[in-house]
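**Student:** This is query35.cif (mmCIF, C-alpha atoms).
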```
data_protein
loop_
_atom_site.group_PDB
_atom_site.id
_atom_site.type_symbol
_atom_site.label_atom_id
_atom_site.label_comp_id
_atom_site.auth_asym_id
_atom_site.auth_seq_id
_atom_site.Cartn_x
_atom_site.Cartn_y
_atom_site.Cartn_z
ATOM 1 C CA MET D 1 4.096 -29.791 -33.176
ATOM 2 C CA LEU D 2 1.059 -31.920 -32.407
ATOM 3 C CA SER D 3 -2.063 -30.233 -31.140
ATOM 4 C CA MET D 4 -5.420 -31.551 -30.070
ATOM 5 C CA LYS D 5 -8.684 -29.697 -29.618
ATOM 6 C CA ILE D 6 -10.155 -30.176 -26.155
ATOM 7 C CA PRO D 7 -13.709 -28.988 -25.486
ATOM 8 C CA ALA D 8 -14.139 -26.251 -22.895
ATOM 9 C CA GLU D 9 -16.367 -28.582 -20.914
ATOM 10 C CA ILE D 10 -16.321 -32.324 -21.177
ATOM 11 C CA GLN D 11 -20.146 -32.344 -21.033
ATOM 12 C CA GLU D 12 -20.278 -30.591 -24.387
ATOM 13 C CA TYR D 13 -18.519 -33.516 -26.069
ATOM 14 C CA LYS D 14 -20.673 -35.402 -28.561
ATOM 15 C CA SER D 15 -19.504 -38.628 -30.129
ATOM 16 C CA LYS D 16 -19.504 -38.722 -33.916
ATOM 17 C CA LEU D 17 -21.038 -41.653 -35.776
ATOM 18 C CA ILE D 18 -20.407 -41.048 -39.462
ATOM 19 C CA PHE D 19 -19.432 -38.039 -41.644
ATOM 20 C CA GLY D 20 -18.864 -35.947 -38.518
ATOM 21 C CA LEU D 21 -22.491 -36.297 -37.460
ATOM 22 C CA SER D 22 -23.738 -37.562 -34.146
ATOM 23 C CA ALA D 23 -26.097 -40.540 -34.102
ATOM 24 C CA ARG D 24 -29.013 -38.200 -33.415
ATOM 25 C CA GLN D 25 -28.176 -36.058 -36.451
ATOM 26 C CA PHE D 26 -27.539 -39.045 -38.694
ATOM 27 C CA PHE D 27 -30.866 -40.697 -37.848
ATOM 28 C CA SER D 28 -32.737 -37.412 -38.258
ATOM 29 C CA ILE D 29 -31.313 -37.048 -41.771
ATOM 30 C CA ALA D 30 -32.225 -40.672 -42.525
ATOM 31 C CA GLY D 31 -35.786 -40.064 -41.306
ATOM 32 C CA ALA D 32 -36.026 -36.898 -43.384
ATOM 33 C CA ILE D 33 -34.934 -38.808 -46.468
ATOM 34 C CA LEU D 34 -37.391 -41.620 -45.753
ATOM 35 C CA VAL D 35 -40.232 -39.098 -45.544
ATOM 36 C CA GLY D 36 -39.179 -36.507 -48.131
ATOM 37 C CA VAL D 37 -38.270 -38.736 -51.060
ATOM 38 C CA PRO D 38 -41.604 -40.616 -51.233
ATOM 39 C CA ILE D 39 -43.530 -37.352 -50.955
ATOM 40 C CA GLY D 40 -41.468 -35.909 -53.789
ATOM 41 C CA VAL D 41 -41.741 -38.997 -55.988
ATOM 42 C CA PHE D 42 -45.428 -39.767 -55.486
ATOM 43 C CA GLY D 43 -46.489 -36.128 -55.464
ATOM 44 C CA ARG D 44 -44.779 -35.255 -58.747
ATOM 45 C CA GLY D 45 -47.793 -35.918 -60.990
ATOM 46 C CA ARG D 46 -50.484 -35.015 -58.441
ATOM 47 C CA ILE D 47 -49.300 -31.689 -57.018
ATOM 48 C CA SER D 48 -48.128 -28.592 -58.861
ATOM 49 C CA GLY D 49 -44.373 -28.287 -59.369
ATOM 50 C CA ASP D 50 -44.113 -25.009 -57.477
ATOM 51 C CA VAL D 51 -46.100 -26.251 -54.447
ATOM 52 C CA LEU D 52 -44.560 -29.726 -54.087
ATOM 53 C CA PRO D 53 -41.173 -28.530 -52.737
ATOM 54 C CA TRP D 54 -42.980 -26.638 -49.988
ATOM 55 C CA PHE D 55 -44.839 -29.791 -48.964
ATOM 56 C CA VAL D 56 -41.529 -31.651 -48.815
ATOM 57 C CA ILE D 57 -39.911 -28.875 -46.764
ATOM 58 C CA VAL D 58 -42.786 -28.776 -44.282
ATOM 59 C CA ALA D 59 -42.786 -32.584 -43.948
ATOM 60 C CA VAL D 60 -39.005 -32.817 -43.483
ATOM 61 C CA MET D 61 -38.506 -29.814 -41.199
ATOM 62 C CA PRO D 62 -39.439 -31.581 -37.908
ATOM 63 C CA PHE D 63 -36.862 -34.296 -38.607
ATOM 64 C CA PHE D 64 -34.096 -31.768 -39.113
ATOM 65 C CA ALA D 65 -35.210 -29.794 -36.068
ATOM 66 C CA PHE D 66 -35.121 -33.007 -34.020
ATOM 67 C CA GLY D 67 -31.527 -33.653 -35.032
ATOM 68 C CA PHE D 68 -29.938 -30.220 -35.226
ATOM 69 C CA PHE D 69 -31.976 -27.617 -33.313
ATOM 70 C CA THR D 70 -31.134 -26.624 -29.726
ATOM 71 C CA PHE D 71 -32.284 -23.590 -27.806
ATOM 72 C CA LYS D 72 -30.704 -22.627 -24.481
ATOM 73 C CA GLY D 73 -29.459 -26.157 -23.940
ATOM 74 C CA MET D 74 -32.818 -27.776 -24.711
ATOM 75 C CA ARG D 75 -33.286 -30.201 -27.544
ATOM 76 C CA PHE D 76 -36.156 -29.764 -29.958
ATOM 77 C CA GLU D 77 -38.529 -32.191 -28.220
ATOM 78 C CA GLU D 78 -37.763 -30.657 -24.803
ATOM 79 C CA LEU D 79 -38.502 -27.205 -26.209
ATOM 80 C CA VAL D 80 -41.795 -28.375 -27.752
ATOM 81 C CA LYS D 81 -42.792 -29.988 -24.434
ATOM 82 C CA ALA D 82 -41.945 -26.809 -22.509
ATOM 83 C CA MET D 83 -43.888 -24.653 -24.964
ATOM 84 C CA CYS D 84 -46.931 -26.962 -24.802
ATOM 85 C CA ASN D 85 -46.813 -26.865 -21.005
ATOM 86 C CA MET D 86 -46.627 -23.091 -21.103
ATOM 87 C CA TRP D 87 -49.467 -22.644 -23.591
ATOM 88 C CA PHE D 88 -51.912 -25.421 -22.748
ATOM 89 C CA ARG D 89 -51.512 -26.195 -19.045
ATOM 90 C CA PRO D 90 -52.650 -23.859 -16.290
ATOM 91 C CA GLN D 91 -49.839 -21.726 -14.974
ATOM 92 C CA ILE D 92 -49.013 -21.923 -11.274
ATOM 93 C CA ARG D 93 -48.250 -18.500 -9.902
ATOM 94 C CA VAL D 94 -45.962 -18.808 -6.951
ATOM 95 C CA TYR D 95 -46.653 -15.323 -5.628
ATOM 96 C CA GLU D 96 -50.397 -15.922 -5.304
ATOM 97 C CA ASP D 97 -51.825 -16.461 -1.822
ATOM 98 C CA ALA D 98 -53.867 -19.601 -2.522
ATOM 99 C CA ASP D 99 -55.124 -20.385 0.975
ATOM 100 C CA GLY D 100 -55.419 -16.804 2.237
ATOM 101 C CA PHE D 101 -52.667 -17.136 4.862
ATOM 102 C CA PHE D 102 -51.053 -13.782 4.125
ATOM 103 C CA GLN D 103 -54.433 -12.047 3.973
ATOM 104 C CA GLN D 104 -55.325 -13.424 7.424
ATOM 105 C CA LEU D 105 -51.908 -12.428 8.759
ATOM 106 C CA HIS D 106 -52.340 -8.920 7.362
ATOM 107 C CA GLU D 107 -55.784 -8.602 8.996
ATOM 108 C CA GLU D 108 -54.421 -9.763 12.383
ATOM 109 C CA ILE D 109 -51.613 -7.224 12.194
ATOM 110 C CA ILE D 110 -54.102 -4.446 11.412
ATOM 111 C CA GLU D 111 -56.322 -5.530 14.325
ATOM 112 C CA GLN D 112 -53.360 -5.508 16.722
ATOM 113 C CA GLU D 113 -52.366 -2.065 15.481
ATOM 114 C CA ILE D 114 -55.911 -0.755 16.078
ATOM 115 C CA VAL D 115 -55.887 -2.203 19.615
ATOM 116 C CA ARG D 116 -52.510 -0.539 20.338
ATOM 117 C CA GLN D 117 -53.806 2.810 19.061
ATOM 118 C CA ARG D 118 -56.926 2.583 21.212
ATOM 119 C CA ILE D 119 -54.893 1.636 24.280
ATOM 120 C CA SER D 120 -52.438 4.473 23.720
ATOM 121 C CA SER D 121 -55.270 6.977 23.210
ATOM 122 C CA GLY D 122 -56.924 5.806 26.439
ATOM 123 C CA GLU D 123 -60.093 4.643 24.724
ATOM 124 C CA TYR D 124 -60.018 1.414 26.747
ATOM 125 C CA GLU D 125 -57.640 -0.182 29.156
ATOM 126 C CA GLU D 126 -55.452 -3.185 28.594
ATOM 127 C CA VAL D 127 -56.877 -6.346 30.132
ATOM 128 C CA GLN D 128 -54.404 -8.086 32.411
ATOM 129 C CA GLU D 129 -54.879 -11.678 33.402
#
```
Spit out the file's structure as structure tokens when you get a sec.
**Tutor:**
Amino acid sequence: MLSMKIPAEIQEYKSKLIFGLSARQFFSIAGAILVGVPIGVFGRGRISGDVLPWFVIVAVMPFFAFGFFTFKGMRFEELVKAMCNMWFRPQIRVYEDADGFFQQLHEEIIEQEIVRQRISSGEYEEVQE
């Protein structure tokens, strides 16, 4: 019997370019190779043998993250942008009363309540126009 895998949602479908990798993944691997190999080759005589692999890993890691890393539906660059906005831009707090509208409204309500209490206690009479 023939069977075919169908994704749960069609939006999750990603076209494959070569070796089962998407174009994004393929180009991220190519970029990692283009950066990592020269660092490894030219750093062989200049940097210690136990430190050089760490330099290569640190240099190549952003390329792999760009191609393969997702977090809650965000790609790597979207996540970095969101984190930079969160850390370095001023946060807008929606619950803050920026122009004092709710403070003024609260004061007017308190004043009306005081007037009602004074009228009910007979301290002064209600002015009718």
**Student:** Between D:Tyr124, D:Phe76, D:Phe42, D:Phe26, which one has atoms that come closest to Phe55 (chain D), using only C-alpha atoms?
**Tutor:** D:Phe42
**Student:** Taking 2 positions as the minimum chain separation for residues in the same chain, which residues sit within 7 Å of Phe64 (chain D) when counting all atoms listed in the file? Answer as a short mmCIF file (atom, residue, chain, number, x, y, z; two decimals) with C-alpha atoms, in the frame of the given file.
**Tutor:**
```
data_model
loop_
_atom_site.label_atom_id
_atom_site.label_comp_id
_atom_site.auth_asym_id
_atom_site.auth_seq_id
_atom_site.Cartn_x
_atom_site.Cartn_y
_atom_site.Cartn_z
CA SER D 28 -32.74 -37.41 -38.26
CA ILE D 29 -31.31 -37.05 -41.77
CA ALA D 32 -36.03 -36.90 -43.38
CA VAL D 60 -39.01 -32.82 -43.48
CA MET D 61 -38.51 -29.81 -41.20
CA PRO D 62 -39.44 -31.58 -37.91
CA PHE D 66 -35.12 -33.01 -34.02
CA GLY D 67 -31.53 -33.65 -35.03
CA PHE D 68 -29.94 -30.22 -35.23
#
```
**Student:** I'd like the interatomic distance between CA of Ile47 (chain D) and CA of Phe69 (chain D), to a tenth of an Å.
**Tutor:**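 Rounded to one decimal, the two atoms are 29.6 Å apart.
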**Student:** Could you tell me how far CA of Val51 (chain D) sits from CA of Val37 (chain D), in Å to one decimal place?
**Tutor:**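 Here the two named atoms are 15.1 Å from each other.
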**Student:** Quick one, how far is CA of Trp54 (chain D) from CA of Val41 (chain D)?
**Tutor:**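 Computing the Euclidean distance for CA of Trp54 (chain D) and CA of Val41 (chain D) yields 13.8 Å.
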**Student:** Which one is closest to Arg24 (chain D): D:Ala65, D:Val56, D:Leu105, D:Met74? Count all atoms listed in the file.
**Tutor:**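 Checking each candidate against Arg24 (chain D), we get D:Ala65 as the closest.
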**Student:** For region 31-41 of chain D, what centre and edge lengths in Å (one decimal) does the axis-aligned box get once 6 Å is added on each side of all its listed atoms, as AutoDock Vina command-line options?
**Tutor:**
```
--center_x -39.2 --center_y -38.8 --center_z -48.6 --size_x 20.6 --size_y 17.7 --size_z 26.7
```
